[in-house]
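First comes the structure, then the notes that go with it.
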Amino acid sequence: MNQLYLHCYKYRGGIKSEFDKAWAIANEVMAKTGNFGGVESGVRHVKGYGTGWGGYAILEVTDPAAFARYQQFIMLNYAHVVDITFEPIYDMETVSA
C-alpha cells in the first residue's frame, strides 16, 4: 500500500553559494530520477510548493527501503542549508470508515 508524505524544508541563514550548490544538486537529481532524493523507484514526487521561507514536497512512497535511501540522500546533500522534516499524510475518510 502506498503512503503519502509531506516533505517540508525551511531555509537556514547561510551563504548564498551554499544554497546555489544544494539547488544545483537538487535540479540535477530531479531531472534524472523524478525526485529530490536520487532513488530510481519506490518514491515519487507528486507535487512541490515553494515559498519564501522554504517549501513542501508531497511524496508517494511504495518502498520503505527506497524511502530510507531518499531520506539519507536528502540529509547528506541538503541538511546543511535547510531544516528538514517528513510527515505522513493520512486519508482521514478511509481511516475513520
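The chains in the C-alpha cells are called A, B, ... from first to last as shown; in each chain the residues are counted from 1, and the ligands are counted from 1 in the order shown.
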
Please list as a PyMOL selection string every residue within 12 Å of region 79-88 of chain A, counting only C-alpha atoms and excluding residues in the same chain fewer than 6 positions away.
chain A and resi 2-23+53-61+67-68+70-73

Let me see the file: selected residues, N, CA, C and O atoms, as a compact mmCIF listing (two decimals), in the first residue's frame.
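File written: selection-v9.txt
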```txt
# COMPACT_ATOMS: atom_id res chain seq x y z
N ASN A 2 0.51 2.22 -0.79
CA ASN A 2 1.27 3.46 -0.89
C ASN A 2 1.00 4.36 0.30
O ASN A 2 -0.08 4.35 0.86
N GLN A 3 2.01 5.15 0.65
CA GLN A 3 1.87 6.12 1.74
C GLN A 3 2.32 7.48 1.21
O GLN A 3 3.37 7.56 0.57
N LEU A 4 1.54 8.51 1.49
CA LEU A 4 1.94 9.86 1.13
C LEU A 4 2.67 10.51 2.30
O LEU A 4 2.32 10.29 3.46
N TYR A 5 3.69 11.29 1.97
CA TYR A 5 4.45 12.03 2.98
C TYR A 5 4.55 13.49 2.55
O TYR A 5 4.64 13.79 1.36
N LEU A 6 4.55 14.37 3.53
CA LEU A 6 4.82 15.77 3.32
C LEU A 6 6.26 16.02 3.72
O LEU A 6 6.65 15.81 4.87
N HIS A 7 7.07 16.40 2.76
CA HIS A 7 8.49 16.71 2.99
C HIS A 7 8.57 18.23 3.07
O HIS A 7 8.31 18.93 2.10
N CYS A 8 8.90 18.73 4.26
CA CYS A 8 8.98 20.17 4.49
C CYS A 8 10.44 20.57 4.65
O CYS A 8 11.22 19.87 5.28
N TYR A 9 10.81 21.69 4.04
CA TYR A 9 12.16 22.21 4.23
C TYR A 9 12.08 23.71 4.50
O TYR A 9 11.29 24.42 3.90
N LYS A 10 12.86 24.15 5.47
CA LYS A 10 12.91 25.56 5.86
C LYS A 10 14.35 26.04 5.74
O LYS A 10 15.25 25.44 6.31
N TYR A 11 14.51 27.13 5.00
CA TYR A 11 15.85 27.68 4.81
C TYR A 11 16.46 28.14 6.13
O TYR A 11 15.78 28.71 6.97
N ARG A 12 17.74 27.87 6.28
CA ARG A 12 18.52 28.42 7.38
C ARG A 12 19.25 29.65 6.85
O ARG A 12 19.44 29.80 5.65
N GLY A 13 19.69 30.50 7.76
CA GLY A 13 20.56 31.59 7.33
C GLY A 13 21.86 30.98 6.83
O GLY A 13 22.36 30.02 7.41
N GLY A 14 22.38 31.48 5.77
CA GLY A 14 23.60 30.89 5.25
C GLY A 14 24.17 31.67 4.09
O GLY A 14 23.68 32.74 3.74
N ILE A 15 25.16 31.10 3.51
CA ILE A 15 25.85 31.73 2.39
C ILE A 15 25.13 31.36 1.09
O ILE A 15 24.82 30.19 0.86
N LYS A 16 24.87 32.35 0.25
CA LYS A 16 24.13 32.11 -0.98
C LYS A 16 24.77 31.03 -1.85
O LYS A 16 24.06 30.23 -2.45
N SER A 17 26.08 30.98 -1.90
CA SER A 17 26.74 29.98 -2.75
C SER A 17 26.42 28.56 -2.27
O SER A 17 26.32 27.64 -3.09
N GLU A 18 26.22 28.37 -0.97
CA GLU A 18 25.84 27.05 -0.45
C GLU A 18 24.43 26.67 -0.89
O GLU A 18 24.17 25.52 -1.24
N PHE A 19 23.51 27.63 -0.86
CA PHE A 19 22.16 27.38 -1.36
C PHE A 19 22.20 27.04 -2.85
O PHE A 19 21.53 26.11 -3.30
N ASP A 20 22.98 27.79 -3.60
CA ASP A 20 23.08 27.55 -5.04
C ASP A 20 23.62 26.15 -5.34
O ASP A 20 23.13 25.47 -6.23
N LYS A 21 24.62 25.71 -4.59
CA LYS A 21 25.18 24.36 -4.78
C LYS A 21 24.13 23.30 -4.48
O LYS A 21 23.99 22.32 -5.22
N ALA A 22 23.40 23.48 -3.37
CA ALA A 22 22.38 22.50 -3.00
C ALA A 22 21.27 22.44 -4.04
O ALA A 22 20.82 21.35 -4.42
N TRP A 23 20.83 23.60 -4.55
CA TRP A 23 19.79 23.61 -5.57
C TRP A 23 20.29 23.02 -6.89
O TRP A 23 19.52 22.39 -7.63
N TRP A 53 10.24 31.07 2.54
CA TRP A 53 10.97 30.54 3.69
C TRP A 53 11.43 29.11 3.49
O TRP A 53 12.13 28.55 4.33
N GLY A 54 11.06 28.48 2.38
CA GLY A 54 11.41 27.08 2.13
C GLY A 54 10.38 26.48 1.20
O GLY A 54 10.10 27.03 0.14
N GLY A 55 9.79 25.37 1.62
CA GLY A 55 8.76 24.79 0.78
C GLY A 55 8.34 23.41 1.23
O GLY A 55 8.77 22.92 2.29
N TYR A 56 7.49 22.81 0.41
CA TYR A 56 6.95 21.48 0.68
C TYR A 56 7.06 20.63 -0.58
O TYR A 56 7.00 21.16 -1.68
N ALA A 57 7.16 19.34 -0.39
CA ALA A 57 7.02 18.39 -1.49
C ALA A 57 6.12 17.26 -0.99
O ALA A 57 6.26 16.81 0.15
N ILE A 58 5.18 16.85 -1.81
CA ILE A 58 4.35 15.69 -1.49
C ILE A 58 4.97 14.50 -2.19
O ILE A 58 5.23 14.53 -3.39
N LEU A 59 5.22 13.45 -1.42
CA LEU A 59 5.86 12.24 -1.92
C LEU A 59 4.92 11.05 -1.80
O LEU A 59 4.23 10.91 -0.80
N GLU A 60 4.92 10.18 -2.80
CA GLU A 60 4.23 8.90 -2.73
C GLU A 60 5.30 7.83 -2.58
O GLU A 60 6.18 7.70 -3.42
N VAL A 61 5.22 7.09 -1.49
CA VAL A 61 6.22 6.07 -1.18
C VAL A 61 5.59 4.69 -1.35
O VAL A 61 4.55 4.38 -0.75
N PHE A 67 12.53 4.76 0.46
CA PHE A 67 12.30 5.99 1.22
C PHE A 67 13.44 6.24 2.21
O PHE A 67 13.86 7.39 2.38
N ALA A 68 13.97 5.21 2.79
CA ALA A 68 15.12 5.36 3.69
C ALA A 68 16.33 5.90 2.92
O ALA A 68 17.05 6.79 3.40
N TYR A 70 16.16 7.65 0.15
CA TYR A 70 15.76 9.01 -0.20
C TYR A 70 16.09 9.95 0.96
O TYR A 70 16.73 10.99 0.77
N GLN A 71 15.67 9.59 2.16
CA GLN A 71 15.92 10.43 3.33
C GLN A 71 17.42 10.61 3.59
O GLN A 71 17.87 11.71 3.92
N GLN A 72 18.17 9.54 3.44
CA GLN A 72 19.61 9.63 3.65
C GLN A 72 20.25 10.60 2.64
O GLN A 72 21.07 11.44 3.01
N PHE A 73 19.87 10.49 1.38
CA PHE A 73 20.40 11.38 0.35
C PHE A 73 20.06 12.84 0.68
O PHE A 73 20.90 13.73 0.58
```

Within 6 Å of region 35-42 of chain A, counting only C-alpha atoms, which residues show up once you throw out same-chain ones fewer than 4 positions away? Write them as a PyMOL selection string, please.
chain A and resi 26+29-30+61-63+66+70+73-74

What is the CA of Lys32 (chain A) to CA of Gly48 (chain A) distance in Å?
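The value is 16.6 Å.
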
Using only C-alpha atoms, which of the listed residues (A:Lys47, A:Tyr90, A:Tyr78, A:Arg69) sits closest to Ala24 (chain A)?
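Comparing A:Lys47, A:Tyr90, A:Tyr78, A:Arg69 against Ala24 (chain A), the winner is A:Tyr78.
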
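CA of Thr33 (chain A) is found 25.5 Å from CA of Gly52 (chain A).
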